[in-house]
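Trainee: Encoded as structure tokens, here's the structure I'll be asking about.
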4 protein chains.
Amino acid sequence: MIQLNGIMPPLTTPFDAAGNLNLSGLAENVARYNDTGLIGYVALGSNGEAIHLSSSERLQVIETIKRASTPAHKIVAGVNEFSTRAAIEATRAASQAGADCALTITPYFYKSAMTSEVLKRFFHEVADASPIPILIYNVPQNTGVVIDSATIASLASHENIAGLKDSAGNIGTLSDTLRLVPAGFNVLVGNGGIVYPALSMGAGGAILAVACVAPRACVELFEAVGGGNHAKARELQNRLLPVAHIVTAGLGVAGLKAAMKAAGFCGGEPRAPLAGANEANLEKVKSVLRESGLFAHIE
Amino acid sequence: MIQLNGIMPPLTTPFDAAGNLNLSGLAENVARYNDTGLIGYVALGSNGEAIHLSSSERLQVIETIKRASTPAHKIVAGVNEFSTRAAIEATRAASQAGADCALTITPYFYKSAMTSEVLKRFFHEVADASPIPILIYNVPQNTGVVIDSATIASLASHENIAGLKDSAGNIGTLSDTLRLVPAGFNVLVGNGGIVYPALSMGAGGAILAVACVAPRACVELFEAVGGGNHAKARELQNRLLPVAHIVTAGLGVAGLKAAMKAAGFCGGEPRAPLAGANEANLEKVKSVLRESGLFAHIE
Amino acid sequence: MIQLNGIMPPLTTPFDAAGNLNLSGLAENVARYNDTGLIGYVALGSNGEAIHLSSSERLQVIETIKRASTPAHKIVAGVNEFSTRAAIEATRAASQAGADCALTITPYFYKSAMTSEVLKRFFHEVADASPIPILIYNVPQNTGVVIDSATIASLASHENIAGLKDSAGNIGTLSDTLRLVPAGFNVLVGNGGIVYPALSMGAGGAILAVACVAPRACVELFEAVGGGNHAKARELQNRLLPVAHIVTAGLGVAGLKAAMKAAGFCGGEPRAPLAGANEANLEKVKSVLRESGLFAHIE
Amino acid sequence: MIQLNGIMPPLTTPFDAAGNLNLSGLAENVARYNDTGLIGYVALGSNGEAIHLSSSERLQVIETIKRASTPAHKIVAGVNEFSTRAAIEATRAASQAGADCALTITPYFYKSAMTSEVLKRFFHEVADASPIPILIYNVPQNTGVVIDSATIASLASHENIAGLKDSAGNIGTLSDTLRLVPAGFNVLVGNGGIVYPALSMGAGGAILAVACVAPRACVELFEAVGGGNHAKARELQNRLLPVAHIVTAGLGVAGLKAAMKAAGFCGGEPRAPLAGANEANLEKVKSVLRESGLFAHIE
């Protein structure tokens, strides 16, 4: 089974001034990330604005990332669909475009119908048909749907379900999941604010928005935990905490793109209806980056 | 401006045993509804499983309804998109397929970013570009996003924003909206359990899942309020209440389709991951329909 | 069984500048209310700051209201306790102080333990031991606990449970409760913003914060519904709506007390930690009162 | 300033068959705890059913714990009041009864009024008047009120505010609080499921329901983190996790008392309306205790 032990960034999707895909900007970002110690890239996640892209744009994004990365980097592609049939189709398209793995979100429109049984059937059917392994994506702050530890543990026995990205931010629940799943099942934490505690409890890796901005610090934190250097891990966690907050719960995708720009990457604005960071928020972002001490120079 | 004073059902989308569109079943349902006093049809709403359909299926659904209905019936098409550009495109496609009006949902993935300002810009830009008038669709139980009365009142001055479908179920908020919007702005209530109170407070019409099952009773309730017969309206509301509950909050789309079948319409099962009503739920549905006294015969 | 068909205000508790009970202010308010058509008074409700009063202060409040009112007015006393034994004791003390009825809140500290079974047992045991009939008090916005229609319907068969004050503000649920309880069971709505719809659906009466400010308008609305004058009821509801909002969800007890002062009653500030209305909020309150057209003169 | 670096249990309050205080049972529990390495005792917390006790019972509980403990043990007394004046009075009574510190809950009835400003004023005024240092108690699952990290950081500069018990269970927020408060401010985590991550991030101690059942394991976990033995800490955390869950979110106070009995302590039932654990839940509790491997013998 695929192993994802390390840090991956959920890549943002840059747009040009007209709001069209800026694929060269995306490729440049990937090129810059390639030698930072990241183990792979997530395309089309929540921070990648998958839901703002057409089907063909989604494939272009995956292909661009694939081309710009190295053979050593894993490509994880988000699958953000509501019907089982559309989710299966998306795993096939992602595979053809070069993805190694499909990060499949819990369906979330008919929230009250998303019982444990319904979610189990959904993930089983998608995994049965998908040409690539799938990761379960739990992100209640966007979906309003929670998939619980027992359901995940049950799904973990499917040979084509390779793991979980848990962005719920609840370390107690995450610990319980870790306790219940078999060794080798990839439990990836999705919140930059709790990555050290999550790795301490045994999470295998992390998918972190903050890694789009500060990839080295995230990788160093991962390595510090692996090497038993808890003091260093905690210090890095404390530095990352406010940065992670402002690029997620704080200002969302607009804040993440602004922070990327401030840190020298290709940023830009999200697609409407999301608004770009205004001047005040831009200053706030820069100030948080500066205070973290993680960046040599923030203009 | 288009006037929608009356009852419309949010049509379900029937599928065959293989899970493909059953357009003849849809057309038969519309034919049966045509002489029940309904003023129009809503395609591709929450109960129409819009999110389970591909783009081309969505157009087929609109076209089928258009063909099966009469010139007197309005066709309202759901627009369920996350980006402004995709929403605009959907209004154009809906218009070409025959829709008179576009029921446009609040974007809902980046919930915390959906401020009043962002929602205003979204609806303005969609309305500016849409070839047909739009209705704002507020359905927090599915979206986790609320659009407040003041925001709606502000949007109501746009000449291509024709009204609101409010499915939040809060009569206090709905009354406040009614108080704030100009005359002629279509405020349509979206909950069968509060239609009499909503009409009493001045709502112009209603889009009701329960009208897919019991169209005549809904129309009679509307007419009773219009004619000042409050005793009759209340009695009908009481009969409709448990039916409306079981086909929405109770059992969802699966329950609605089961109830339609029990009442002689083409029902069927929803698309996966939604599960069809099981035997126990089917019996519960039938029992609720029988006890309502609204149906001559439930098998 | 006691019948409560009409309007009652949940009386605020005035304090002097030192924060001590101002019983003469309370008595003056009651004297002014006596000939406005209100059928009784609620002491020690949410708006009465029961939780800010000591046990002996609570009794003084009941006794003061009893003395200042007329024999025709019912006295309802709030019981706001967490243990069954304390609630029973409070009903006895309230009865001795002159209360006719005990408005008993659902316990709410151990929220997840407040199942239907636990709530049934609680209300049964309190009702068994109470020397006066009890009303169930459902106010989820303060308690975080909801008591559902089926549970209420089951409790309604207890001979010493005389009714329900429902402040949840959900007219669909309230209609369902009305459908399920026996005739004579007092279903009292607790939200000034939905009183006309609630009475239209069959609620027997109302306990309204806005009736502390505009008692006559509330009584006239009640009489309009009784007399079948729906146009007048709706007009009054529309006038009351913004006033009701600002003295409850808008500004809370501080807003209610400020509005009472503006309308010529004894108002004052709530007890700490609640803060009194600041200058800006005071102006807002006055402006809302003026715009309602319900007051001859707002200074 | 008082330092609380270690583990404290929030003692349950035992009742006899008639529902009266069982103070000898309480004293026996404390005597058994005295040599387990706990640094103190919390009286009248959420698990102590403070809200089910009369004022005089509360003082008896504090006095009993004080008498049964040793001079080396700190006594922390819960203050669970809604008004500032009642909270101040409770700190005085607690001090006279022997408490070293007052664990003061955020007021929680008027939830929407509990702004940062209001909470700051409340804690300042209580701390100004209290004869003993106070701890802020944040427990949103019971109160529905959250006090944020910035507010706590601001309060931390008051010389009589000695710390925080945070039971919200959010390690990201807790980490942020730790980052913002001055050294020496006691940040105590209140969830047994996240104690290792919280201590890793720098929390000074913990108040844990599970420490009423398994005091030694909790103390050993604390010492393991202090000694840099992360492997042992994680193993203990994993063993404690399901026990901690079932005695809090799982079955609440009833489950905690049942677990204490199974582990050889004086347990008993909570006061009504809380129900004791039924036979099925009792078996579940025992099975969880057995599987944890933390107990020599569970009958």
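Going by the structure tokens order, chains are called A, B, ..., each with residues numbered from 1, while ligands are numbered from 1 in the order shown.
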Can I have chain C aligned to chain A? Use a least-squares fit on all Cα atoms paired in order and write it out as a compact mmCIF listing (two decimals) with C-alpha atoms, in the first residue's frame.
Mentor:
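out-v8.txt was written with the following content:
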```
# COMPACT_ATOMS: atom_id res chain seq x y z
CA MET C 1 -0.02 0.02 -0.02
CA ILE C 2 1.09 3.55 -0.75
CA GLN C 3 2.89 5.18 2.19
CA LEU C 4 2.58 8.91 2.80
CA ASN C 5 4.93 9.57 5.70
CA GLY C 6 5.83 13.19 5.50
CA ILE C 7 4.47 16.59 4.61
CA MET C 8 2.37 17.53 1.58
CA PRO C 9 0.96 20.95 0.73
CA PRO C 10 -2.59 21.32 -0.62
CA LEU C 11 -1.55 23.40 -3.59
CA THR C 12 -3.49 26.53 -4.38
CA THR C 13 -4.61 27.08 -7.96
CA PRO C 14 -3.30 30.39 -9.34
CA PHE C 15 -5.48 32.45 -11.68
CA ASP C 16 -4.49 35.31 -13.95
CA ALA C 17 -6.05 38.76 -13.88
CA ALA C 18 -8.94 37.57 -16.05
CA GLY C 19 -9.64 34.72 -13.67
CA ASN C 20 -8.28 32.01 -15.96
CA LEU C 21 -5.91 29.26 -14.91
CA ASN C 22 -2.31 30.38 -14.50
CA LEU C 23 -0.64 27.02 -15.08
CA SER C 24 2.86 28.41 -15.41
CA GLY C 25 2.52 30.02 -12.00
CA LEU C 26 1.44 26.69 -10.62
CA ALA C 27 4.39 24.92 -12.25
CA GLU C 28 6.81 27.51 -10.84
CA ASN C 29 5.49 26.97 -7.35
CA VAL C 30 5.95 23.22 -7.67
CA ALA C 31 9.48 23.68 -9.00
CA ARG C 32 10.33 25.77 -5.95
CA TYR C 33 8.80 23.21 -3.62
CA ASN C 34 10.61 20.25 -5.21
CA ASP C 35 13.75 20.43 -3.09
CA THR C 36 12.21 21.43 0.23
CA GLY C 37 11.69 17.91 1.53
CA LEU C 38 7.97 17.65 0.80
CA ILE C 39 7.01 14.09 -0.14
CA GLY C 40 4.25 14.99 -2.57
CA TYR C 41 1.54 17.38 -3.64
CA VAL C 42 -2.18 17.58 -3.17
CA ALA C 43 -4.06 18.94 -6.16
CA LEU C 44 -7.68 20.03 -6.01
CA GLY C 45 -8.12 20.11 -2.26
CA SER C 46 -10.17 22.69 -0.39
CA ASN C 47 -7.33 25.18 -0.74
CA GLY C 48 -6.99 24.32 -4.41
CA GLU C 49 -10.48 25.67 -5.08
CA ALA C 50 -11.46 22.42 -6.78
CA ILE C 51 -15.09 23.47 -6.58
CA HIS C 52 -14.32 26.61 -8.57
CA LEU C 53 -12.84 24.65 -11.48
CA SER C 54 -14.46 22.98 -14.45
CA SER C 55 -13.78 19.30 -15.10
CA SER C 56 -11.25 20.04 -17.78
CA GLU C 57 -9.49 22.63 -15.65
CA ARG C 58 -9.17 20.05 -12.91
CA LEU C 59 -7.31 17.70 -15.20
CA GLN C 60 -5.02 20.45 -16.40
CA VAL C 61 -4.13 21.21 -12.81
CA ILE C 62 -3.22 17.59 -12.07
CA GLU C 63 -1.21 17.27 -15.27
CA THR C 64 0.68 20.49 -14.61
CA ILE C 65 1.63 19.41 -11.12
CA LYS C 66 2.65 15.99 -12.34
CA ARG C 67 4.92 17.47 -15.01
CA ALA C 68 6.49 20.02 -12.69
CA SER C 69 7.21 17.58 -9.87
CA THR C 70 9.74 14.76 -9.67
CA PRO C 71 9.11 11.02 -9.84
CA ALA C 72 9.79 10.83 -6.12
CA HIS C 73 6.85 13.06 -5.33
CA LYS C 74 3.42 11.53 -4.84
CA ILE C 75 0.48 13.24 -6.53
CA VAL C 76 -2.75 13.22 -4.55
CA ALA C 77 -5.83 14.53 -6.38
CA GLY C 78 -8.93 15.78 -4.68
CA VAL C 79 -12.27 14.21 -5.58
CA ASN C 80 -15.06 16.55 -4.60
CA GLU C 81 -18.31 15.04 -5.84
CA PHE C 82 -21.78 14.38 -4.47
CA SER C 83 -22.83 11.20 -6.27
CA THR C 84 -21.05 7.88 -6.15
CA ARG C 85 -20.97 7.69 -9.92
CA ALA C 86 -19.40 11.12 -10.33
CA ALA C 87 -16.83 10.34 -7.65
CA ILE C 88 -15.83 7.13 -9.41
CA GLU C 89 -15.53 8.95 -12.71
CA ALA C 90 -13.34 11.58 -11.06
CA THR C 91 -10.95 8.95 -9.68
CA ARG C 92 -10.54 7.57 -13.19
CA ALA C 93 -9.89 10.96 -14.71
CA ALA C 94 -7.43 11.79 -11.94
CA SER C 95 -5.57 8.55 -12.46
CA GLN C 96 -5.27 9.17 -16.19
CA ALA C 97 -3.99 12.66 -15.52
CA GLY C 98 -1.20 11.25 -13.38
CA ALA C 99 -2.52 11.09 -9.81
CA ASP C 100 -1.29 8.36 -7.47
CA CYS C 101 -4.09 8.68 -5.00
CA ALA C 102 -7.59 10.22 -4.76
CA LEU C 103 -8.46 12.34 -1.74
CA THR C 104 -12.20 11.75 -1.68
CA ILE C 105 -14.43 14.08 0.30
CA THR C 106 -17.48 12.89 2.22
CA PRO C 107 -20.60 13.92 0.26
CA TYR C 108 -22.21 16.79 2.10
CA PHE C 109 -25.33 18.25 0.56
CA TYR C 110 -27.89 15.98 2.20
CA LYS C 111 -26.17 16.28 5.56
CA SER C 112 -28.72 14.47 7.68
CA ALA C 113 -28.68 11.51 5.29
CA MET C 114 -24.92 11.01 5.63
CA THR C 115 -25.11 8.27 8.23
CA SER C 116 -22.26 5.92 8.97
CA GLU C 117 -23.88 3.26 6.77
CA VAL C 118 -24.29 5.61 3.83
CA LEU C 119 -20.71 6.85 4.11
CA LYS C 120 -19.38 3.30 4.32
CA ARG C 121 -21.25 2.28 1.21
CA PHE C 122 -20.08 5.39 -0.62
CA PHE C 123 -16.40 4.87 0.16
CA HIS C 124 -16.59 1.13 -0.52
CA GLU C 125 -18.14 1.65 -3.92
CA VAL C 126 -15.70 4.38 -4.89
CA ALA C 127 -12.74 2.34 -3.67
CA ASP C 128 -13.97 -0.77 -5.50
CA ALA C 129 -14.05 1.09 -8.80
CA SER C 130 -11.13 3.48 -8.44
CA PRO C 131 -7.98 2.62 -10.37
CA ILE C 132 -5.90 4.34 -7.67
CA PRO C 133 -6.04 4.09 -3.88
CA ILE C 134 -8.31 6.56 -2.14
CA LEU C 135 -7.92 8.65 0.99
CA ILE C 136 -11.01 9.59 3.00
CA TYR C 137 -11.29 13.34 3.43
CA ASN C 138 -12.95 14.54 6.64
CA VAL C 139 -13.36 18.33 6.72
CA PRO C 140 -16.47 19.21 8.76
CA GLN C 141 -15.82 22.96 8.79
CA ASN C 142 -16.54 22.98 5.04
CA THR C 143 -18.94 20.07 4.76
CA GLY C 144 -20.93 20.03 7.97
CA VAL C 145 -20.49 16.25 7.89
CA VAL C 146 -18.39 14.24 10.34
CA ILE C 147 -17.16 10.72 9.71
CA ASP C 148 -16.41 9.07 13.06
CA SER C 149 -13.45 6.97 14.16
CA ALA C 150 -15.35 3.69 14.17
CA THR C 151 -16.53 4.21 10.59
CA ILE C 152 -13.01 5.02 9.48
CA ALA C 153 -11.64 1.97 11.28
CA SER C 154 -14.17 -0.17 9.46
CA LEU C 155 -13.29 1.35 6.08
CA ALA C 156 -9.57 0.91 6.76
CA SER C 157 -9.81 -2.80 6.02
CA HIS C 158 -10.65 -2.13 2.36
CA GLU C 159 -7.50 -2.78 0.37
CA ASN C 160 -7.97 0.25 -1.89
CA ILE C 161 -8.64 2.69 0.96
CA ALA C 162 -5.18 3.86 1.85
CA GLY C 163 -5.83 6.39 4.54
CA LEU C 164 -7.51 9.47 5.87
CA LYS C 165 -6.94 13.19 5.79
CA ASP C 166 -8.53 14.50 8.96
CA SER C 167 -8.99 18.27 9.05
CA ALA C 168 -11.50 18.30 11.89
CA GLY C 169 -8.84 19.57 14.29
CA ASN C 170 -9.90 17.35 17.18
CA ILE C 171 -6.84 15.59 18.56
CA GLY C 172 -8.89 13.36 20.86
CA THR C 173 -10.87 11.96 17.95
CA LEU C 174 -7.74 11.70 15.83
CA SER C 175 -6.00 9.78 18.62
CA ASP C 176 -8.96 7.46 18.81
CA THR C 177 -8.79 6.86 15.06
CA LEU C 178 -5.07 6.13 15.32
CA ARG C 179 -5.78 3.62 18.07
CA LEU C 180 -8.36 1.80 15.95
CA VAL C 181 -6.85 1.60 12.45
CA PRO C 182 -4.29 -1.02 11.37
CA ALA C 183 -0.60 -0.17 11.03
CA GLY C 184 0.20 1.19 7.58
CA PHE C 185 -3.10 2.99 7.20
CA ASN C 186 -2.15 6.57 6.40
CA VAL C 187 -3.60 8.94 8.96
CA LEU C 188 -2.72 12.44 7.79
CA VAL C 189 -3.53 15.45 9.88
CA GLY C 190 -4.89 18.46 8.03
CA ASN C 191 -4.40 21.30 10.52
CA GLY C 192 -1.15 23.18 10.82
CA GLY C 193 -2.02 24.21 14.37
CA ILE C 194 -1.99 20.65 15.72
CA VAL C 195 0.61 18.91 13.63
CA TYR C 196 3.14 18.32 16.40
CA PRO C 197 0.56 16.83 18.79
CA ALA C 198 -0.86 14.73 15.96
CA LEU C 199 2.53 13.37 14.94
CA SER C 200 3.34 12.71 18.61
CA MET C 201 0.23 10.58 18.83
CA GLY C 202 1.30 8.60 15.78
CA ALA C 203 -0.09 10.32 12.69
CA GLY C 204 1.98 9.23 9.70
CA GLY C 205 2.05 12.57 7.95
CA ALA C 206 0.30 15.81 7.28
CA ILE C 207 -1.35 17.83 4.54
CA LEU C 208 -0.96 21.45 5.59
CA ALA C 209 -2.01 24.73 4.01
CA VAL C 210 0.84 26.34 5.93
CA ALA C 211 3.26 24.10 4.01
CA CYS C 212 2.40 26.11 0.88
CA VAL C 213 3.96 29.08 2.65
CA ALA C 214 6.61 27.57 4.91
CA PRO C 215 7.45 24.13 3.52
CA ARG C 216 10.85 23.82 5.19
CA ALA C 217 9.58 24.58 8.68
CA CYS C 218 6.89 21.93 8.29
CA VAL C 219 9.38 19.37 7.05
CA GLU C 220 11.76 20.20 9.90
CA LEU C 221 8.96 19.79 12.42
CA PHE C 222 8.16 16.38 10.95
CA GLU C 223 11.81 15.36 11.14
CA ALA C 224 12.17 16.68 14.69
CA VAL C 225 9.34 14.47 15.88
CA GLY C 226 10.81 11.49 14.01
CA GLY C 227 14.17 12.16 15.60
CA GLY C 228 12.73 12.52 19.08
CA ASN C 229 13.61 16.19 19.33
CA HIS C 230 10.42 17.32 21.03
CA ALA C 231 11.77 20.67 22.16
CA LYS C 232 12.52 21.65 18.58
CA ALA C 233 9.18 20.30 17.36
CA ARG C 234 7.34 22.35 19.93
CA GLU C 235 9.23 25.48 19.09
CA LEU C 236 8.46 25.07 15.39
CA GLN C 237 4.84 24.34 16.19
CA ASN C 238 4.64 27.58 18.15
CA ARG C 239 6.14 29.53 15.26
CA LEU C 240 3.82 27.89 12.73
CA LEU C 241 0.68 28.28 14.84
CA PRO C 242 -0.29 31.89 13.97
CA VAL C 243 0.77 31.46 10.36
CA ALA C 244 -1.33 28.30 10.06
CA HIS C 245 -4.27 30.06 11.63
CA ILE C 246 -4.31 33.10 9.38
CA VAL C 247 -4.08 31.07 6.16
CA THR C 248 -6.97 28.78 7.16
CA ALA C 249 -9.65 29.65 9.73
CA GLY C 250 -8.47 33.27 9.86
CA LEU C 251 -8.59 34.48 6.25
CA GLY C 252 -9.11 31.30 4.24
CA VAL C 253 -7.90 30.80 0.68
CA ALA C 254 -7.53 34.55 0.14
CA GLY C 255 -5.18 34.69 3.13
CA LEU C 256 -3.24 31.64 1.98
CA LYS C 257 -2.68 33.11 -1.47
CA ALA C 258 -1.66 36.45 0.03
CA ALA C 259 0.80 34.71 2.35
CA MET C 260 2.26 32.74 -0.54
CA LYS C 261 2.85 35.93 -2.47
CA ALA C 262 4.47 37.57 0.55
CA ALA C 263 6.73 34.53 0.89
CA GLY C 264 7.78 34.73 -2.75
CA PHE C 265 5.47 32.21 -4.36
CA CYS C 266 2.88 32.77 -7.07
CA GLY C 267 -0.25 33.77 -5.16
CA GLY C 268 -2.99 35.83 -6.75
CA GLU C 269 -6.64 36.01 -5.88
CA PRO C 270 -9.22 33.30 -5.49
CA ARG C 271 -12.09 33.02 -7.94
CA ALA C 272 -15.32 34.86 -7.22
CA PRO C 273 -17.38 34.79 -5.13
CA LEU C 274 -14.31 34.54 -2.86
CA ALA C 275 -12.73 37.96 -2.50
CA GLY C 276 -8.99 38.56 -2.43
CA ALA C 277 -7.37 39.85 0.75
CA ASN C 278 -7.83 43.59 1.15
CA GLU C 279 -5.02 45.95 2.10
CA ALA C 280 -5.61 45.61 5.84
CA ASN C 281 -5.63 41.84 5.69
CA LEU C 282 -2.53 41.83 3.52
CA GLU C 283 -0.67 43.82 6.15
CA LYS C 284 -1.93 41.47 8.83
CA VAL C 285 -0.66 38.48 6.88
CA LYS C 286 2.75 40.05 6.42
CA SER C 287 2.97 40.97 10.05
CA VAL C 288 2.14 37.42 11.13
CA LEU C 289 4.75 36.02 8.75
CA ARG C 290 7.38 38.42 10.04
CA GLU C 291 6.67 37.71 13.68
CA SER C 292 6.94 33.97 13.15
CA GLY C 293 10.65 34.33 12.49
CA LEU C 294 10.35 31.64 9.83
CA PHE C 295 11.08 33.85 6.84
CA ALA C 296 14.35 35.54 5.93
CA HIS C 297 12.59 38.45 4.32
CA ILE C 298 8.98 39.58 4.00
CA GLU C 299 8.77 42.66 1.81
```
Trainee: As number ranges by chain, please: all residues of region 65-292 of chain A that backbone DSSP puts in strand (DSSP E).
Mentor: A: 74-79, 101-105, 134-138, 161-166, 186-189, 205-207
Trainee: From a DSSP pass on the backbone, collect the residues of region 86-282 of chain B flagged as helix (DSSP H, G or I) and hand them back as a PyMOL selection string.
Mentor: chain B and resi 86-97+111-113+116-129+140-143+149-155+171-180+192-200+209-212+215-226+230-250+252-262+279-282
